[in-house]
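First the structure, in the form of structure tokens, and then the observations on it.
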Amino acid sequence: MLTKPIERITVQDIMDSTKMKRQSFYYHFQDIYDVLEWELNRRLFSQLAYDPEVSFDDWAARAVQIANGDKVFYYRALEAQGREKTMAAALPAARLYVGRMLTGRDVSDGRVSENEKFMIDFMSEAVVNYAIDQLSFRKKLTDGQARIQAEIMLRNVAGYSAGGMKNRRPVHVFSGEKEAERAAVSF
């Protein structure tokens, strides 16, 4: 995928580069897109699986770190796989991390109210869509920028859900990276 688009990659290309037989390919995969899905799971989604010991901030920073490590691959993989399949693969872990951040407890047991489920689903989809957009635009974020942006987004929503409109203290969006880094200490 680094030298040509996935639509132009053949099974024979893969066999030539891996020195395998064609039968081996079809034993493990149905087609080129099946290989892509396997590779994305191996390189990205399995590394971002839910771990109750990892904070949302650390999880988001790890996602950015992985994506920035091979931006061209992930950009092309997203383009080939499509937003819908990428969302389906990324949302399960995102829901658990976002759910824990919004409710203050582990939600992996599925015991959430309808309102909590709505907020968790809404924010998880926002987080994953935002991450996909970042890959689509080939914009490189530092780990610190990713943490700050995720924190701003979720703390604003958490403020609405916890205290309602009257008690909500807004989190401000910063104009410069230096200002954001200084303010991050106050979170």
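Letters A, B, ... mark the chains of the structure tokens in the order given; residue numbers begin at 1 per chain; ligand numbers begin at 1, in order shown.
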Write out as a list in words which residues come within 12 Å of Arg83 (chain A) when counting only C-alpha atoms, dropping same-chain ones fewer than 6 positions away.
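Selected residues are Tyr75, Arg76, Ala77, Ala89, Ala90, Leu91, Glu125, Val128, Asn129, Tyr130, Ala131, Ile132, Asp133, Leu135 and Ser136 of chain A.
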Would you list, as a short mmCIF file (atom, residue, chain, number, x, y, z; two decimals) with N, CA, C and O atoms, in the first residue's frame, the residues of region 39-169 of chain A that end up in alpha helix (DSSP H) under DSSP run on this structure's backbone?
data_model
loop_
_atom_site.label_atom_id
_atom_site.label_comp_id
_atom_site.auth_asym_id
_atom_site.auth_seq_id
_atom_site.Cartn_x
_atom_site.Cartn_y
_atom_site.Cartn_z
N GLU A 39 -4.53 -6.69 9.03
CA GLU A 39 -3.37 -5.84 9.32
C GLU A 39 -3.76 -4.66 10.20
O GLU A 39 -3.04 -4.30 11.13
N LEU A 40 -4.90 -4.04 9.94
CA LEU A 40 -5.36 -2.94 10.79
C LEU A 40 -5.64 -3.42 12.21
O LEU A 40 -5.30 -2.73 13.17
N PHE A 56 -8.33 7.35 29.74
CA PHE A 56 -8.76 7.81 28.41
C PHE A 56 -7.67 8.64 27.76
O PHE A 56 -7.37 8.48 26.58
N ASP A 57 -7.06 9.53 28.53
CA ASP A 57 -6.00 10.40 28.00
C ASP A 57 -4.86 9.57 27.41
O ASP A 57 -4.39 9.85 26.31
N ASP A 58 -4.42 8.57 28.17
CA ASP A 58 -3.31 7.74 27.69
C ASP A 58 -3.72 6.92 26.47
O ASP A 58 -2.92 6.72 25.56
N TRP A 59 -4.95 6.44 26.46
CA TRP A 59 -5.46 5.68 25.32
C TRP A 59 -5.50 6.57 24.06
O TRP A 59 -5.04 6.15 23.00
N ALA A 60 -6.01 7.79 24.19
CA ALA A 60 -6.08 8.70 23.04
C ALA A 60 -4.68 9.07 22.55
O ALA A 60 -4.43 9.09 21.34
N ALA A 61 -3.77 9.32 23.49
CA ALA A 61 -2.40 9.65 23.10
C ALA A 61 -1.74 8.46 22.40
O ALA A 61 -1.01 8.64 21.42
N ARG A 62 -2.01 7.26 22.86
CA ARG A 62 -1.45 6.05 22.23
C ARG A 62 -1.98 5.91 20.81
O ARG A 62 -1.23 5.56 19.89
N ALA A 63 -3.26 6.18 20.61
CA ALA A 63 -3.85 6.10 19.26
C ALA A 63 -3.15 7.08 18.32
O ALA A 63 -2.81 6.73 17.18
N VAL A 64 -2.92 8.28 18.80
CA VAL A 64 -2.23 9.28 17.98
C VAL A 64 -0.80 8.85 17.69
O VAL A 64 -0.31 8.96 16.57
N GLN A 65 -0.14 8.35 18.70
CA GLN A 65 1.25 7.89 18.55
C GLN A 65 1.33 6.78 17.49
O GLN A 65 2.20 6.81 16.62
N ILE A 66 0.43 5.83 17.55
CA ILE A 66 0.42 4.74 16.57
C ILE A 66 0.16 5.29 15.18
O ILE A 66 0.85 4.96 14.21
N ALA A 67 -0.87 6.13 15.06
CA ALA A 67 -1.23 6.69 13.75
C ALA A 67 -0.10 7.54 13.18
O ALA A 67 0.21 7.46 11.99
N ASN A 68 0.52 8.36 14.00
CA ASN A 68 1.62 9.20 13.53
C ASN A 68 2.83 8.37 13.13
O ASN A 68 3.65 8.81 12.33
N GLY A 69 2.95 7.17 13.70
CA GLY A 69 4.08 6.31 13.39
C GLY A 69 4.10 5.84 11.94
O GLY A 69 5.17 5.56 11.39
N LYS A 71 1.62 7.26 9.27
CA LYS A 71 0.48 8.04 8.81
C LYS A 71 0.03 7.66 7.40
O LYS A 71 -1.16 7.55 7.13
N VAL A 72 0.97 7.43 6.50
CA VAL A 72 0.63 7.10 5.11
C VAL A 72 -0.14 5.78 5.05
O VAL A 72 -1.16 5.69 4.38
N PHE A 73 0.34 4.78 5.78
CA PHE A 73 -0.37 3.49 5.79
C PHE A 73 -1.80 3.66 6.30
O PHE A 73 -2.75 3.18 5.70
N TYR A 74 -1.95 4.33 7.45
CA TYR A 74 -3.29 4.45 8.03
C TYR A 74 -4.20 5.31 7.17
O TYR A 74 -5.39 5.03 7.05
N TYR A 75 -3.66 6.32 6.56
CA TYR A 75 -4.45 7.15 5.65
C TYR A 75 -4.98 6.30 4.49
O TYR A 75 -6.16 6.33 4.17
N ARG A 76 -4.10 5.53 3.88
CA ARG A 76 -4.50 4.69 2.74
C ARG A 76 -5.41 3.54 3.18
O ARG A 76 -6.34 3.18 2.46
N ALA A 77 -5.15 2.99 4.33
CA ALA A 77 -5.99 1.91 4.84
C ALA A 77 -7.41 2.42 5.10
O ALA A 77 -8.39 1.76 4.75
N LEU A 78 -7.50 3.58 5.71
CA LEU A 78 -8.81 4.19 5.96
C LEU A 78 -9.54 4.46 4.65
O LEU A 78 -10.73 4.17 4.51
N GLU A 79 -8.81 4.99 3.71
CA GLU A 79 -9.39 5.28 2.40
C GLU A 79 -9.92 4.00 1.75
O GLU A 79 -11.01 3.98 1.19
N ALA A 80 -9.17 2.91 1.85
CA ALA A 80 -9.56 1.64 1.23
C ALA A 80 -10.68 0.94 2.01
O ALA A 80 -11.61 0.39 1.43
N GLN A 81 -10.59 0.96 3.34
CA GLN A 81 -11.57 0.26 4.16
C GLN A 81 -12.88 1.03 4.30
O GLN A 81 -13.93 0.44 4.39
N ARG A 83 -14.99 4.59 6.10
CA ARG A 83 -15.31 5.12 7.43
C ARG A 83 -16.17 4.14 8.23
O ARG A 83 -15.93 3.91 9.42
N GLU A 84 -17.14 3.54 7.59
CA GLU A 84 -18.09 2.69 8.31
C GLU A 84 -17.40 1.49 8.97
O GLU A 84 -17.62 1.20 10.15
N LYS A 85 -16.55 0.79 8.23
CA LYS A 85 -15.83 -0.36 8.80
C LYS A 85 -14.83 0.08 9.86
O LYS A 85 -14.65 -0.60 10.86
N THR A 86 -14.19 1.21 9.64
CA THR A 86 -13.24 1.73 10.62
C THR A 86 -13.98 2.09 11.91
O THR A 86 -13.51 1.78 13.01
N MET A 87 -15.11 2.73 11.78
CA MET A 87 -15.93 3.08 12.96
C MET A 87 -16.31 1.81 13.72
O MET A 87 -16.18 1.75 14.94
N ALA A 88 -16.78 0.80 13.00
CA ALA A 88 -17.22 -0.44 13.65
C ALA A 88 -16.08 -1.10 14.42
O ALA A 88 -16.29 -1.65 15.50
N ALA A 89 -14.87 -1.01 13.90
CA ALA A 89 -13.72 -1.62 14.58
C ALA A 89 -13.25 -0.80 15.77
O ALA A 89 -12.80 -1.35 16.78
N ALA A 90 -13.37 0.51 15.69
CA ALA A 90 -12.84 1.39 16.73
C ALA A 90 -13.83 1.66 17.87
O ALA A 90 -13.40 1.95 18.99
N LEU A 91 -15.10 1.60 17.60
CA LEU A 91 -16.09 2.01 18.60
C LEU A 91 -16.15 1.16 19.87
O LEU A 91 -16.34 1.72 20.96
N PRO A 92 -15.98 -0.16 19.83
CA PRO A 92 -16.10 -0.91 21.09
C PRO A 92 -15.15 -0.41 22.18
O PRO A 92 -15.58 -0.18 23.31
N ALA A 93 -13.89 -0.24 21.87
CA ALA A 93 -12.94 0.26 22.89
C ALA A 93 -13.26 1.71 23.25
O ALA A 93 -13.22 2.08 24.43
N ALA A 94 -13.58 2.53 22.25
CA ALA A 94 -13.89 3.94 22.51
C ALA A 94 -15.06 4.06 23.48
O ALA A 94 -15.03 4.89 24.39
N ARG A 95 -16.08 3.25 23.30
CA ARG A 95 -17.25 3.31 24.19
C ARG A 95 -16.87 3.03 25.64
O ARG A 95 -17.37 3.66 26.56
N LEU A 96 -15.99 2.07 25.84
CA LEU A 96 -15.59 1.74 27.21
C LEU A 96 -14.76 2.85 27.85
O LEU A 96 -14.97 3.19 29.02
N TYR A 97 -13.83 3.42 27.09
CA TYR A 97 -13.01 4.52 27.63
C TYR A 97 -13.85 5.77 27.87
O TYR A 97 -13.75 6.41 28.92
N VAL A 98 -14.67 6.13 26.90
CA VAL A 98 -15.53 7.31 27.04
C VAL A 98 -16.53 7.08 28.17
O VAL A 98 -16.77 7.97 28.99
N GLY A 99 -17.10 5.89 28.23
CA GLY A 99 -18.07 5.58 29.29
C GLY A 99 -17.47 5.73 30.67
O GLY A 99 -18.10 6.31 31.57
N ARG A 100 -16.25 5.26 30.83
CA ARG A 100 -15.60 5.39 32.13
C ARG A 100 -15.32 6.84 32.46
O ARG A 100 -15.48 7.29 33.59
N MET A 101 -14.93 7.60 31.44
CA MET A 101 -14.63 9.02 31.70
C MET A 101 -15.91 9.79 32.05
O MET A 101 -15.90 10.62 32.96
N LEU A 102 -16.99 9.51 31.35
CA LEU A 102 -18.24 10.26 31.58
C LEU A 102 -18.96 9.84 32.85
O LEU A 102 -19.58 10.67 33.50
N THR A 103 -18.88 8.55 33.21
CA THR A 103 -19.63 8.08 34.38
C THR A 103 -18.78 7.96 35.62
O THR A 103 -19.31 7.86 36.73
N GLU A 114 -30.23 4.58 30.21
CA GLU A 114 -30.47 4.98 28.81
C GLU A 114 -29.80 6.32 28.50
O GLU A 114 -29.25 6.51 27.43
N ASN A 115 -29.87 7.25 29.45
CA ASN A 115 -29.23 8.56 29.24
C ASN A 115 -27.71 8.43 29.15
O ASN A 115 -27.08 9.07 28.32
N GLU A 116 -27.14 7.60 30.03
CA GLU A 116 -25.70 7.38 29.97
C GLU A 116 -25.32 6.72 28.65
O GLU A 116 -24.33 7.11 28.02
N LYS A 117 -26.10 5.74 28.24
CA LYS A 117 -25.82 5.06 26.97
C LYS A 117 -25.86 6.05 25.80
O LYS A 117 -24.99 6.03 24.93
N PHE A 118 -26.83 6.93 25.82
CA PHE A 118 -26.92 7.94 24.77
C PHE A 118 -25.66 8.81 24.74
O PHE A 118 -25.06 9.01 23.69
N MET A 119 -25.25 9.31 25.90
CA MET A 119 -24.06 10.18 25.96
C MET A 119 -22.79 9.41 25.57
O MET A 119 -21.94 9.94 24.86
N ILE A 120 -22.68 8.18 26.04
CA ILE A 120 -21.49 7.37 25.72
C ILE A 120 -21.43 7.13 24.22
O ILE A 120 -20.38 7.30 23.59
N ASP A 121 -22.55 6.73 23.62
CA ASP A 121 -22.58 6.48 22.17
C ASP A 121 -22.28 7.75 21.38
O ASP A 121 -21.48 7.74 20.44
N PHE A 122 -22.92 8.83 21.78
CA PHE A 122 -22.73 10.11 21.09
C PHE A 122 -21.27 10.55 21.12
O PHE A 122 -20.67 10.86 20.10
N MET A 123 -20.67 10.54 22.31
CA MET A 123 -19.30 11.01 22.45
C MET A 123 -18.29 10.04 21.85
O MET A 123 -17.29 10.45 21.28
N SER A 124 -18.56 8.76 21.94
CA SER A 124 -17.66 7.77 21.34
C SER A 124 -17.61 7.95 19.83
O SER A 124 -16.53 7.92 19.22
N GLU A 125 -18.77 8.13 19.23
CA GLU A 125 -18.80 8.35 17.78
C GLU A 125 -18.11 9.66 17.42
O GLU A 125 -17.41 9.74 16.41
N ALA A 126 -18.26 10.68 18.25
CA ALA A 126 -17.58 11.96 17.99
C ALA A 126 -16.07 11.78 18.06
O ALA A 126 -15.33 12.26 17.20
N VAL A 127 -15.59 11.06 19.07
CA VAL A 127 -14.15 10.84 19.24
C VAL A 127 -13.59 10.05 18.06
O VAL A 127 -12.56 10.42 17.49
N VAL A 128 -14.25 8.97 17.68
CA VAL A 128 -13.76 8.14 16.58
C VAL A 128 -13.84 8.90 15.26
O VAL A 128 -12.89 8.85 14.46
N ASN A 129 -14.93 9.62 15.02
CA ASN A 129 -15.02 10.42 13.79
C ASN A 129 -13.92 11.48 13.75
O ASN A 129 -13.33 11.72 12.70
N TYR A 130 -13.65 12.09 14.87
CA TYR A 130 -12.58 13.09 14.94
C TYR A 130 -11.24 12.45 14.58
O TYR A 130 -10.45 13.00 13.82
N ALA A 131 -10.97 11.27 15.15
CA ALA A 131 -9.71 10.57 14.86
C ALA A 131 -9.61 10.22 13.37
O ALA A 131 -8.55 10.39 12.75
N ILE A 132 -10.70 9.75 12.80
CA ILE A 132 -10.70 9.42 11.37
C ILE A 132 -10.46 10.67 10.54
O ILE A 132 -9.70 10.65 9.57
N ASP A 133 -11.09 11.77 10.93
CA ASP A 133 -10.87 13.03 10.21
C ASP A 133 -9.40 13.46 10.28
O ASP A 133 -8.85 13.94 9.30
N GLN A 134 -8.79 13.28 11.43
CA GLN A 134 -7.38 13.64 11.56
C GLN A 134 -6.52 12.83 10.61
O GLN A 134 -5.60 13.35 9.98
N LEU A 135 -6.83 11.55 10.49
CA LEU A 135 -6.09 10.71 9.54
C LEU A 135 -6.38 11.11 8.10
O LEU A 135 -5.49 11.14 7.26
N SER A 136 -7.63 11.42 7.84
CA SER A 136 -8.03 11.79 6.47
C SER A 136 -7.36 13.06 6.00
O SER A 136 -7.06 13.21 4.82
N ASP A 143 1.36 14.03 20.84
CA ASP A 143 0.63 13.35 21.91
C ASP A 143 -0.05 14.36 22.82
O ASP A 143 -1.19 14.19 23.22
N GLY A 144 0.66 15.44 23.13
CA GLY A 144 0.11 16.48 24.00
C GLY A 144 -1.11 17.16 23.39
O GLY A 144 -2.11 17.39 24.08
N GLN A 145 -1.04 17.46 22.11
CA GLN A 145 -2.18 18.08 21.44
C GLN A 145 -3.39 17.15 21.46
O GLN A 145 -4.51 17.58 21.71
N ALA A 146 -3.16 15.87 21.20
CA ALA A 146 -4.26 14.91 21.20
C ALA A 146 -4.90 14.80 22.57
O ALA A 146 -6.13 14.79 22.69
N ARG A 147 -4.08 14.75 23.61
CA ARG A 147 -4.61 14.68 24.97
C ARG A 147 -5.46 15.92 25.28
O ARG A 147 -6.55 15.81 25.82
N ILE A 148 -4.94 17.08 24.96
CA ILE A 148 -5.65 18.32 25.26
C ILE A 148 -6.97 18.39 24.49
O ILE A 148 -8.00 18.71 25.07
N GLN A 149 -6.95 18.08 23.20
CA GLN A 149 -8.17 18.16 22.41
C GLN A 149 -9.22 17.16 22.90
O GLN A 149 -10.40 17.49 23.01
N ALA A 150 -8.80 15.94 23.22
CA ALA A 150 -9.74 14.94 23.73
C ALA A 150 -10.30 15.38 25.07
O ALA A 150 -11.51 15.27 25.34
N GLU A 151 -9.43 15.91 25.91
CA GLU A 151 -9.86 16.37 27.24
C GLU A 151 -10.86 17.52 27.13
O GLU A 151 -11.87 17.54 27.83
N ILE A 152 -10.60 18.47 26.27
CA ILE A 152 -11.51 19.61 26.08
C ILE A 152 -12.87 19.10 25.64
O ILE A 152 -13.90 19.47 26.20
N MET A 153 -12.87 18.22 24.64
CA MET A 153 -14.13 17.71 24.11
C MET A 153 -14.92 16.98 25.19
O MET A 153 -16.10 17.26 25.42
N LEU A 154 -14.28 16.06 25.87
CA LEU A 154 -15.01 15.24 26.83
C LEU A 154 -15.35 15.98 28.12
O LEU A 154 -16.40 15.76 28.69
N ARG A 155 -14.48 16.85 28.57
CA ARG A 155 -14.81 17.59 29.80
C ARG A 155 -15.98 18.54 29.57
O ARG A 155 -16.77 18.74 30.47
N ASN A 156 -16.08 19.11 28.39
CA ASN A 156 -17.24 19.95 28.10
C ASN A 156 -18.52 19.14 28.14
O ASN A 156 -19.50 19.54 28.75
N VAL A 157 -18.52 17.98 27.52
CA VAL A 157 -19.70 17.13 27.53
C VAL A 157 -19.96 16.61 28.93
O VAL A 157 -21.09 16.58 29.39
N ALA A 158 -18.92 16.19 29.63
CA ALA A 158 -19.10 15.70 30.99
C ALA A 158 -19.67 16.81 31.88
O ALA A 158 -20.50 16.56 32.75
N GLY A 159 -19.27 18.04 31.63
CA GLY A 159 -19.81 19.17 32.38
C GLY A 159 -21.30 19.32 32.16
O GLY A 159 -22.06 19.58 33.09
N TYR A 160 -21.75 19.14 30.94
CA TYR A 160 -23.18 19.20 30.64
C TYR A 160 -23.91 18.05 31.32
O TYR A 160 -24.95 18.23 31.92
N SER A 161 -23.37 16.86 31.21
CA SER A 161 -24.09 15.70 31.72
C SER A 161 -24.11 15.66 33.25
O SER A 161 -25.08 15.23 33.84
N ALA A 162 -23.04 16.12 33.90
CA ALA A 162 -22.98 16.04 35.36
C ALA A 162 -23.74 17.17 36.04
O ALA A 162 -24.45 16.95 37.00
N GLY A 163 -23.58 18.38 35.54
CA GLY A 163 -24.14 19.50 36.27
C GLY A 163 -25.27 20.23 35.57
O GLY A 163 -25.82 21.16 36.13
N GLY A 164 -25.61 19.83 34.39
CA GLY A 164 -26.63 20.55 33.64
C GLY A 164 -26.10 21.89 33.18
O GLY A 164 -24.97 22.26 33.43
N MET A 165 -26.92 22.65 32.52
CA MET A 165 -26.50 23.93 31.93
C MET A 165 -26.15 24.95 33.01
O MET A 165 -25.22 25.71 32.85
N LYS A 166 -26.87 24.97 34.13
CA LYS A 166 -26.64 26.00 35.15
C LYS A 166 -25.29 25.85 35.85
O LYS A 166 -24.64 26.83 36.13
N ASN A 167 -24.92 24.61 36.16
CA ASN A 167 -23.71 24.38 36.94
C ASN A 167 -22.47 24.14 36.08
O ASN A 167 -21.40 23.90 36.61
#
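Between CA of Gln30 (chain A) and CA of Asp16 (chain A) lies a distance of 17.6 Å.
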A:Ile14, A:Asp106, A:Thr142, A:Val112 ranked by distance to Leu36 (chain A), top pick (using only C-alpha atoms)
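Comparing A:Ile14, A:Asp106, A:Thr142, A:Val112 against Leu36 (chain A), the winner is A:Ile14.
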